[in-house]
Each structure stands twice: as C-alpha cells, then as structure tokens.
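A.B. asks: Here it is, the structure in full.
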Amino acid sequence: MSTIRLESITKIFPPNVVAVDNVSLKIEKGEFFVLLGPSGCGKTTTLRIIAGLEKPTRGRVYIDEEDVTDLPPRKRDIAMVFQTWALYPHMKVYDNIAFPLKLRKLPQHEIDRRVREVAKMLRIEELLDRYPKQLSGGQQQRVALARALVRNPRAWLMDEPLSNLDALLRVQMRAELKRLQKELKITTVYVTHDQVEAMTMADRIAVMNRGRVLQVGTPFEVYHNPRTIFVGGFIGSPPMNFVRATFDKVGENYVLRFENVSLTIPSELGKHIENRVGTGSEVVIGIRPEHISLASAEEENAIPGEIYVVEPLGTETILNVKIGETVIKMKVLKELILPVGERVWIKFDLDRIHIFDPKTEEAIV
Amino acid sequence: MRARVLDKILSFFEGPWARLLMFPALAFMGIFILFPLVWSVYLSFTNYRLTGPEAVNYTFVGLKNYLKLFKDSEFLDAIRNSFVFTFLSALVGQTVLGLGLALVARMKEPEGVLGKVLKILKIVTITVVFISWVIPEVVAGYAWISLTETGGFFSTLFMGPAKSFKFEHPMETIIIANIWRGTAFSMILFIAALESIPSYIYEAAEIDGATPWQRFRYVILPLLSGAILVDLILITIWTFGLFTLVYIILGVPFRTMHWTIYVYYKGIDRYNVSLASAASNIMFLIVLALIVSYLVLMRKLRRWG
Ligand SMILES: Nc1ncnc2c1ncn2[C@@H]1O[C@H](COP(=O)(O)OP(=O)(O)O)[C@@H](O)[C@H]1O
Ligand SMILES: [Mg+2]
C-alpha cells in the first residue's frame with residue numbers, strides 16, 4: 001500500500017503540445033483512483049509520468065512521499081497495463097505473465113501458482129500455451145492485465161484495461177477487478193474515458209479535460225456537485241441538459257427565463273445566484289434527465305413541450321422533449337411510448353438543478 | 001490522365017500475364033548465375049585448362065580434381081583459414097560490433113552538455129562507419145596496404161619501423177580490414193530491425209523490472225533473431241566469397257589465407273580452371289550447409305513467428 005502524489009506536473013511535448021497542465025493529485029493508500037476524461041485529455045501521459053516512462057517538464061512525483069521523479073520505472077516497483085497491451089510477441093501467454101516474477105527470481109512453484117491463479121480469474125487458462133499473435137484483442141488485453149495483476153507492486157497503473165472486451169465480459173471483469181483491488185488493497189490508478197466504468201469502480205475520480213484536472217471527488221460528489229459544465233456533461237448517461245436562461249427577480253420571486261418559459265425558483269437558490277452574479281444576468285441551467293418528470297398543466301412551474309423522439313431502453317425510457325427550439329432529454333423509469341408531436345408538460349426538480357456561469361463555465365451554486 | 005494509362009497497363013499484368021514480368025530477371029539470373037554454376041560443376045569433372053592441349057581436347061576425369069584437392073595441403077589450409085577469417089571478421093566482428101553500434105545509435109542521450117557531446121560523438125562514429133562501407137573496395141584495400149606495410153602506421157605502432165604488420169600477421173590484417181569495412185551493413189540492418197520493435201515493448205520490460213541487460217537478453221535479442229539470421233546468412237556468403245579486398249591486401253603469396261585467392265591462383269595464375277572449379281564447388285557446398293544449419297537453428301529458436 002502506497003501513496004502517490006503529483007505536485008504541479010506539467011508535460012509539454014515538443015514543439016508545444018501541452019499534454020498535462022499543472023496537475024496536482026494525492027492518491028491515498030489502497031485507493032482505487034480513476035482518471036476520467038475524453039480522448040486526448042492527457043490521461044495516458046499522466047499515467048506514464050507516474051510510471052516513470054515520461055519525464056515531466058515541470059513538477060515532481062512522489063511515491064510514499066519519496067521523490068521518484070528521477071527514478072527509472074524499474075526502481076519504482078509499479079505494474080502497468082498499457083493501452084496498447086505491449087505483450088512480448090516472442091513469449092507464450094504463460095511466460096508473458098510470469099516474466100515479472102521470473103525477473104524477481106521467485107521460486108518456480110510460486111510463479112506457477114500465481115500465474116494459474118490470475119489466469120483463472122481472467123478466464124485465460126486455456127490460452128496459456130499460445131503466443132500473443134494467436135489471440136483476439138480482448139484476450140490479449142486480459143493477458144496484459146494478468147501480467148500486472150500477478151504482482152503485488154506498490155501501485156497498479158491501468159490504461160483503459162477493459163476497453164477491448166465485449167460488453168458482458170467487461171461488466172464481469174469490472175466487478176472482478178474491483179473485488180481483487182479491495183482484497184489486496186493495492187493503490188490503483190485507473191484510466192478510462194468511460195464514465196460508467198469510473199462511476200462503478202472508483203473510490204475517487206479525477207475528471208480531466210485538455211490536460212487539466214477539473215474536479216476530484218467521489219463518484220457521488222462529481223455526479224451531484226459538478227463544478228463545471230464539462231464535468232456535468234461528461235458524467236451521467238444520457239448527459240446533463242444545458243439550457244441558457246436569464247436570471248431575474250419579479251417582485252419577491254426569483255425566476256429563470258428561457259424560450260417562453262418562466263420558472264419560479266426557490267428563494268434560497270435565487271438569493272444565492274443574486275449574490276453571485278446579480279439579477280438580469282445570463283446563466284446556464286444544468287439538469288439531469290433523471291431529474292425531470294412528466295407533469296400536468298395545472299402544476300406550478302410545469303413547462304409545455306412536445307415529444308420529439310422516444311428512446312425506449314427496456315425498463316426505462318428516454319424522452320426527447322422540444323421546448324421552443326430547445327430539445328431536452330428526460331428519463332422516465334417505465335416503458336412509455338408516446339407519439340411524436342404529442343403535447344406534454346414536464347417539470348424540473350428545482351432542488352436538483354445546477355446553475356453555471358456561461359463565461360467561466362463554472363458552477364455558481 | 002497519365003495515371004489512368006499507367007493503371008491500364010499495370011492491370012493487364014494482374015492476371016496470368018503477371019509472370020511475364022519475372023522473365024527479364026529470370027533470364028538475367030539464368031545467364032549470369034545458373035549457367036556459370038552448372039558450367040563450373042561440369043568443368044570440375046574434366047581436365048580443362050586455359051592454355052595447353054587440355055584447353056582444346058579436355059576429357060572427363062571423374063573425381064580426380066576433388067581427390068587432388070583433398071591431398072593439397074595449401075587447399076586444406078585455405079579452407080581452414082577461410083573459416084577462421086569468416087568466423088572472426090564477419091560473425092564475431094561485424095555482427096557483434098554492428099549490433100552494438102545499432103544499440104548505441106538508438107540510445108537516448110542524457111540531457112545537458114554531456115548528452116550533446118555524446119550525441120555528436122555518436123553521429124561522427126556512425127558516419128565514419130558508414131563511409132568505410134561506401135568507399136570503393138580497391139581504394140579501401142590500398143588504404144590498408146599503406147597502413148600495414150613496412151613504415152605504415154599499423155606496422156610502426158605494433159612492429160617497429162623495420163617490419164611489416166601485413167607480412168607478419170596476414171590473417172589479423174584481413175580480419176581487421178574486413179571488420180572495418182563491413183560493419184556498416186550489419187549496423188544498418190540492426191538499426192532498421194530495432195526501429196521495427198515498438199517502443200512500448202521495451203517500456204513494458206522496464207516496468208516489469210528488467211535491468212538494461214535483462215531487457216537486451218530477454219526482449220531485444222529474441223525479437224532481433226530474424227534480423228540476426230538474415231545478417232548471418234548474408235555476411236557469411238559475402239565473407240566466404242570476398243575476393244577484391246583480401247586479394248589486394250595480401251595477393252597470391254598469401255593464397256592459403258582465403259580460398260578465393262587460392263582459386264584465383266589455380267585458375268588464373270596456373271590456368272587450371274577445372275581444378276579451380278572443383279575448389280569453388282566444395283566451398284559452395286560448405287556455405288550452403290552453413291546456411292541450412294542457420295535456418296534450422298533459427299526455426300528452433302523462433303517458434304512464435
Ligand atoms: N509522444 C508524444 N509526442 C507528442 N504529443 C503527444 C505525445 N504523447 C501524447 N501527445 C499528445 O498529448 C495529448 C494527450 O495525450 P494522451 O495522454 O495520450 O491522452 P489520452 O490518454 O487522455 O487520450 C494529446 O494531444 C496527444 O496528441
Ligand atoms: Mg490514452
């Protein structure tokens with residue numbers, strides 16, 4: 001069990017690609033830490049810096065509070081699953097997995113026991129006698145994972161280790177991996193662009209975009225309190241709806257206006273926004289599909305719209321509702337088929353709305 | 001427009017006519033390689049000479065030339081020396097040195113002034129190695145003569161002013177000269193081969209905890225085995241068949257140092273072409289056997305293909 005700490009890490013690839021931009025993180029002992037972000041946001045580079053495969057342009061890396069910035073990878077005692085798998089083509093699956101143990105001169109029977117154990121968990125026992133070339137992508141990826149899991153290093157670094165598995169196996173492996181990590185309590189940095197993976201596996205998530213860490217928190221925190229529009233939009237499926245609106249005060253009431261709609265919001269929330277940006281200013285409302293419900297015309301703050309598209313998902317249904325020119329996605333927890341063009345009334349759960357500043361894209365409340 | 005015409009012409013050759021394109025090359029090989037081979041096999045069973053009555057009226061003599069060769073201590077010396085020469089100059093010298101240089105060429109220099117100096121040193125070394133490969137063989141041969149004859153730099157350095165390195169150590173002379181001249185090929189071959197190994201495989205080995213030596217031994221070396229095989233085959237053929245460089249440096253007096261000089265001596269100096277042909281054929285079979293054994297060995301080592 002080890003801690004990992006990144007201190008103001010910046011990585012610039014020549015001539016001037018800023019892959020990682022002033023990132024500071026502290027990963028706790030035994031934590032399952034996920035780096036989440038879209039492709040190209042600098043996740044792999046960050047992981048490679050922790051591993052020692054890449055030297056940061058600025059900043060320091062600490063493992064167990066020891067400065068390892070100038071230490072080569074082999075002296076950091078970490079295991080890594082490469083995004084590209086990086087299997088040794090000249091070794092059979094068995095030898096690929098056993099290689100790190102052989103280098104550490106473990107006794108033969110111990111190596112054999114560990115290799116078979118991890119192969120069983122990853123369901124590649126029958127493949128041990130094959131060469132990597134004779135495997136499918138998903139199988140090769142599991143071998144890469146096995147080569148990391150077979151060790152008990154100070155940390156596991158995993159770069160999208162489940163990306164090539166088919167849907168069912170991915171869900172199973174997700175659970176296996178999480179269970180194993182909790183059992184062995186090995187500090188893990190896990191890179192993914194899949195927010196479901198991040199939400200289901202992480203103790204904490206760091207959401208990255210364009211080389212920066214935008215927010216660090218538990219899955220609960222990043223889901224319920226996104227600090228920026230990007231984080232709100234990246235986490236959750238379908239993503240959060242964003243609506244540009246004008247914030248105003250009418251008499252004693254605070255309102256949000258968009259299209260032909262005027263929502264009266266709780267005065268607590270209204271006062272807060274007023275204090276931050278003042279009345280009459282432009283804001284962005286963020287509301288998750290699961291926090292919108294169907295309503296009737298008489299209800300207070302009900303919004304009229306018409307059905308645009310219906311996406312049934314079995315036990316739940318995604319309704320796309322058109323309000324003026326704005327299309328809002330909402331989730332209802334039942335099977336519901338409505339004809340396109342049908343007039344409906346919907347209602348935002350005003351306790352669950354997020355208000356962002358359109359200029360800074362940061363949350364106001 | 002022009003591309004479309006070219007396409008039409010090329011597509012004509014896509015079908016059964018494609019084989020036609022091989023014809024010029026096959027004809028060339030037939031005339032200049034296959035025919036002389038067959039002809040020399042034929043001649044080796046006769047008593048044909050370049051001059052004298054046997055130049056016109058030569059007859060079939062069976063294995064006589066071959067038997068004669070096996071009793072000729074000069075020829076047996078030449079074979080033994082050819083093995084020593086090839087083993088030390090090509091297999092040990094060029095392959096090992098070429099691989100070493102290729103590894104150095106790929107190495108990342110440390111940052112800072114030292115790194116810059118190392119980088120310049122590296123570029124200079126590689127350039128020099130490369131130049132020694134591209135200058136004409138005859139020029140290279142005379143350069144080595146001037147170094148190793150009496151008063152030459154090598155001679156003076158190792159033997160004093162009155163002796164010739166070349167005369168005292170003919171084998172060492174051609175071994176060094178051939179390493180100097182031929183290493184560039186192996187180096188380039190290995191640089192290309194190293195280039196084709198994805199960098200993340202080295203990185204994986206580093207993460208797995210391999211020291212630089214272990215990375216070389218367990219990852220780089222096995223992955224290079226194909227290139228090493230190609231290198232061994234080619235330079236074995238070339239070194240066994242090397243004539244110009246060794247002939248220029250040593251000449252006929254040292255015909256027991258390499259079989260090609262021996263063959264030249266017998267065939268051209270002594271006009272005994274049939275005997276020289278027999279000697280060539282023996283060497284051909286030896287080289288063939290060597291190459292087959294490389295292939296068998298490699299197939300055993302490289303099952304992951
Ligand atoms: N070796 C490199 N040289 C130049 N640019 C690179 C290199 N590696 C990554 N980058 C760039 O850095 C950015 C971040 O890349 P990466 O860390 O691989 O992102 P991610 O893993 O999140 O998809 C990208 O813009 C990428 O093009
Ligand atoms: Mg990546």
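In the structure tokens, chains take the letters A, B, ... in the order shown, each chain's residues start at 1, and ligands count up from 1 in the order shown.
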Please write out the residues within 10 Å of ligand 2 as a VMD selection string, counting only C-alpha atoms and all ligand atoms.
C.D. replies: chain A and resid 37 to 48 82 to 84 159 to 160 191 to 193
A.B. asks: Selection from above, N, CA, C and O atoms, as a tab-separated table (two decimals), in the first residue's frame, can you write it?
C.D. replies:
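Resulting contents of part34.tsv:
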```tsv
chain	number	residue	atom	x	y	z
A	37	GLY	N	-11.67	11.13	-18.56
A	37	GLY	CA	-11.71	12.27	-19.47
A	37	GLY	C	-11.77	11.79	-20.90
A	37	GLY	O	-11.52	10.61	-21.18
A	38	PRO	N	-12.07	12.72	-21.82
A	38	PRO	CA	-12.19	12.32	-23.22
A	38	PRO	C	-10.83	11.99	-23.81
A	38	PRO	O	-9.79	12.28	-23.22
A	39	SER	N	-10.85	11.39	-24.97
A	39	SER	CA	-9.62	11.02	-25.66
A	39	SER	C	-8.73	12.24	-25.89
A	39	SER	O	-9.21	13.29	-26.29
A	40	GLY	N	-7.46	12.10	-25.60
A	40	GLY	CA	-6.51	13.19	-25.85
A	40	GLY	C	-6.40	14.19	-24.72
A	40	GLY	O	-5.72	15.21	-24.85
A	41	CYS	N	-7.03	13.93	-23.56
A	41	CYS	CA	-7.02	14.92	-22.49
A	41	CYS	C	-5.79	14.80	-21.61
A	41	CYS	O	-5.59	15.60	-20.71
A	42	GLY	N	-4.95	13.79	-21.85
A	42	GLY	CA	-3.71	13.69	-21.09
A	42	GLY	C	-3.69	12.60	-20.04
A	42	GLY	O	-2.78	12.55	-19.20
A	43	LYS	N	-4.64	11.69	-20.09
A	43	LYS	CA	-4.70	10.61	-19.09
A	43	LYS	C	-3.48	9.70	-19.21
A	43	LYS	O	-2.80	9.42	-18.22
A	44	THR	N	-3.24	9.22	-20.43
A	44	THR	CA	-2.12	8.30	-20.63
A	44	THR	C	-0.80	8.96	-20.23
A	44	THR	O	0.03	8.35	-19.56
A	45	THR	N	-0.64	10.20	-20.63
A	45	THR	CA	0.60	10.91	-20.30
A	45	THR	C	0.78	11.01	-18.79
A	45	THR	O	1.88	10.78	-18.26
A	46	THR	N	-0.30	11.33	-18.08
A	46	THR	CA	-0.22	11.41	-16.62
A	46	THR	C	0.22	10.07	-16.03
A	46	THR	O	1.10	10.00	-15.17
A	47	LEU	N	-0.39	8.99	-16.53
A	47	LEU	CA	-0.06	7.66	-16.04
A	47	LEU	C	1.39	7.31	-16.32
A	47	LEU	O	2.10	6.75	-15.48
A	48	ARG	N	1.86	7.68	-17.53
A	48	ARG	CA	3.23	7.38	-17.90
A	48	ARG	C	4.22	8.17	-17.05
A	48	ARG	O	5.34	7.71	-16.80
A	82	PHE	N	-0.69	-1.46	-20.29
A	82	PHE	CA	-0.59	-0.46	-21.36
A	82	PHE	C	-1.86	-0.42	-22.19
A	82	PHE	O	-2.51	-1.44	-22.39
A	83	GLN	N	-2.17	0.78	-22.67
A	83	GLN	CA	-3.31	0.93	-23.56
A	83	GLN	C	-3.11	0.06	-24.81
A	83	GLN	O	-4.06	-0.44	-25.40
A	84	THR	N	-1.85	-0.11	-25.19
A	84	THR	CA	-1.53	-0.91	-26.38
A	84	THR	C	-1.17	-2.35	-26.01
A	84	THR	O	-0.61	-3.06	-26.84
A	159	ASP	N	-4.25	1.48	-17.97
A	159	ASP	CA	-4.66	2.41	-19.02
A	159	ASP	C	-5.75	1.76	-19.87
A	159	ASP	O	-5.46	0.94	-20.74
A	160	GLU	N	-6.97	2.11	-19.61
A	160	GLU	CA	-8.13	1.56	-20.31
A	160	GLU	C	-8.03	0.04	-20.46
A	160	GLU	O	-8.08	-0.49	-21.57
A	191	VAL	N	-7.20	4.47	-15.68
A	191	VAL	CA	-7.54	5.47	-16.69
A	191	VAL	C	-8.69	4.94	-17.54
A	191	VAL	O	-8.69	3.80	-17.97
A	192	THR	N	-9.68	5.78	-17.74
A	192	THR	CA	-10.76	5.39	-18.64
A	192	THR	C	-11.43	6.64	-19.23
A	192	THR	O	-11.34	7.73	-18.67
A	193	HIS	N	-12.08	6.45	-20.38
A	193	HIS	CA	-12.90	7.54	-20.90
A	193	HIS	C	-14.37	7.20	-20.71
A	193	HIS	O	-15.25	7.93	-21.13
```
A.B. asks: At a cut-off of 10 Å, list the chain B residues touching chain A, using only C-alpha atoms, as a list in words.
C.D. replies: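 Within 10 Å of chain A on chain B, we get Pro198, Ser199, Tyr200, Ile201, Tyr202, Glu203, Ala204, Ala205, Glu206, Ile207, Asp208, Gly209, Ala210, Thr211, Pro212, Gln214, Tyr218, Val219, Pro222, Leu223, Leu301, Arg302, Arg303, Trp304 and Gly305 of chain B.
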A.B. asks: With DSSP run on the backbone, what are the helix (DSSP H, G or I) residues within segment 162-299 of chain A? I'd like them as a VMD selection string.
C.D. replies: chain A and resid 167 to 184 195 to 201 219 to 224 229 to 234 267 to 277 289 to 291
A.B. asks: Can you pull out every residue within 6 Å of Ile346 of chain A, counting only C-alpha atoms, but drop anything in the same chain fewer than 4 positions away, and send it as a ChimeraX atom specification?
C.D. replies: /A:293-295,302-303
A.B. asks: Output N, CA and C atoms of each residue in that selection to a file, as a CSV table (one decimal), in the first residue's frame.
C.D. replies:
```csv
chain,number,residue,atom,x,y,z
A,293,SER,N,-39.5,15.3,-14.8
A,293,SER,CA,-40.6,14.3,-14.8
A,293,SER,C,-41.7,14.9,-15.6
A,294,LEU,N,-42.6,14.0,-16.0
A,294,LEU,CA,-43.8,14.4,-16.6
A,294,LEU,C,-44.8,15.0,-15.6
A,295,ALA,N,-45.5,16.0,-16.1
A,295,ALA,CA,-46.4,16.8,-15.1
A,295,ALA,C,-47.7,17.0,-15.8
A,302,ALA,N,-44.8,24.0,-14.4
A,302,ALA,CA,-44.9,23.0,-15.4
A,302,ALA,C,-44.5,23.7,-16.8
A,303,ILE,N,-43.8,22.9,-17.6
A,303,ILE,CA,-43.3,23.5,-18.8
A,303,ILE,C,-43.9,22.8,-20.0
```
A.B. asks: Using only C-alpha atoms and all ligand atoms, which of A:Ile235, A:Leu36, A:Leu25, A:Ile355 sits nearest ligand 1?
C.D. replies: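 Looking at the shortest contact to ligand 1, the residue is A:Leu36.
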A.B. asks: Identify, on the basis of only C-alpha atoms, every residue whose closest approach to Leu121 of chain B does not exceed 12 Å; exclude the query and any residue fewer than 6 positions from it along the same chain; express the result as a ChimeraX atom specification.
C.D. replies: /B:104-105,109,114-115,127-128
A.B. asks: In Å, with one decimal, what is the gap from atom CA of Leu165 of chain A to atom CA of Lys185 of chain A?
C.D. replies: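 Atom CA of Lys185 of chain A lies at a distance of 24.5 Å from atom CA of Leu165 of chain A.
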A.B. asks: Find the spatial neighbours of Gln215 of chain A, counting only C-alpha atoms, within a cut-off of 12 Å - ignore same-chain residues fewer than 3 positions away - and output them as number ranges by chain.
C.D. replies: A: 23-25, 34-37, 204-209, 212, 218-219, 221-223, 225-232, 234-235, 362-363
A.B. asks: Pick from A:Leu145, A:Ile63, A:Leu180, A:Ile49: nearest to Ser2 of chain A, with only C-alpha atoms counted?
C.D. replies: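 Smallest distance to Ser2 of chain A is found for A:Ile63.
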A.B. asks: Find the residues around segment 114-125 of chain A up to 8 Å (only C-alpha atoms counted), leave out those fewer than 3 positions away in its own chain, and share them as a list in words.
C.D. replies: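 Contacts, with the query itself left out: Tyr94, Ile97, Ala98, Glu110, Ile111, Leu128, Gln139, Arg142, Val143, Ala146, Leu149, Val150, Met173 and Glu176 of chain A.
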A.B. asks: Residues as selected, C-alpha atoms, written as an mmCIF file, in the first residue's frame, can you do that?
C.D. replies:
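Output saved as result09.cif:
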```
data_model
loop_
_atom_site.group_PDB
_atom_site.id
_atom_site.type_symbol
_atom_site.label_atom_id
_atom_site.label_comp_id
_atom_site.auth_asym_id
_atom_site.auth_seq_id
_atom_site.Cartn_x
_atom_site.Cartn_y
_atom_site.Cartn_z
ATOM 1 C CA TYR A 94 2.275 -18.126 -19.641
ATOM 2 C CA ILE A 97 2.520 -13.306 -17.281
ATOM 3 C CA ALA A 98 5.424 -14.996 -15.500
ATOM 4 C CA GLU A 110 5.285 -19.957 -6.572
ATOM 5 C CA ILE A 111 5.418 -18.451 -10.081
ATOM 6 C CA LEU A 128 -1.506 -20.119 -21.509
ATOM 7 C CA GLN A 139 -7.829 -11.966 -24.958
ATOM 8 C CA ARG A 142 -6.634 -9.781 -20.462
ATOM 9 C CA VAL A 143 -3.106 -11.165 -20.729
ATOM 10 C CA ALA A 146 -2.776 -10.563 -15.908
ATOM 11 C CA LEU A 149 -2.178 -8.367 -11.513
ATOM 12 C CA VAL A 150 0.233 -11.240 -10.982
ATOM 13 C CA MET A 173 -14.240 -8.005 -15.263
ATOM 14 C CA GLU A 176 -13.640 -8.936 -10.530
#
```
A.B. asks: Do a neighbour search on Glu74 of chain B at 10 Å with only C-alpha atoms, toss out local chain neighbours closer than 6 positions, and write the hits as a ChimeraX atom specification.
C.D. replies: /B:80,255-257,259,262
A.B. asks: In Å, how far is it from atom CA of Tyr190 of chain A to atom CA of Met158 of chain A?
C.D. replies: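 Rounded to one decimal, the two atoms are 4.8 Å apart.
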A.B. asks: To one decimal in Å, tell me the separation between atom CA of Lys26 of chain A and atom CA of Met1 of chain A.
C.D. replies: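 Separation of atom CA of Lys26 of chain A and atom CA of Met1 of chain A: 13.9 Å.
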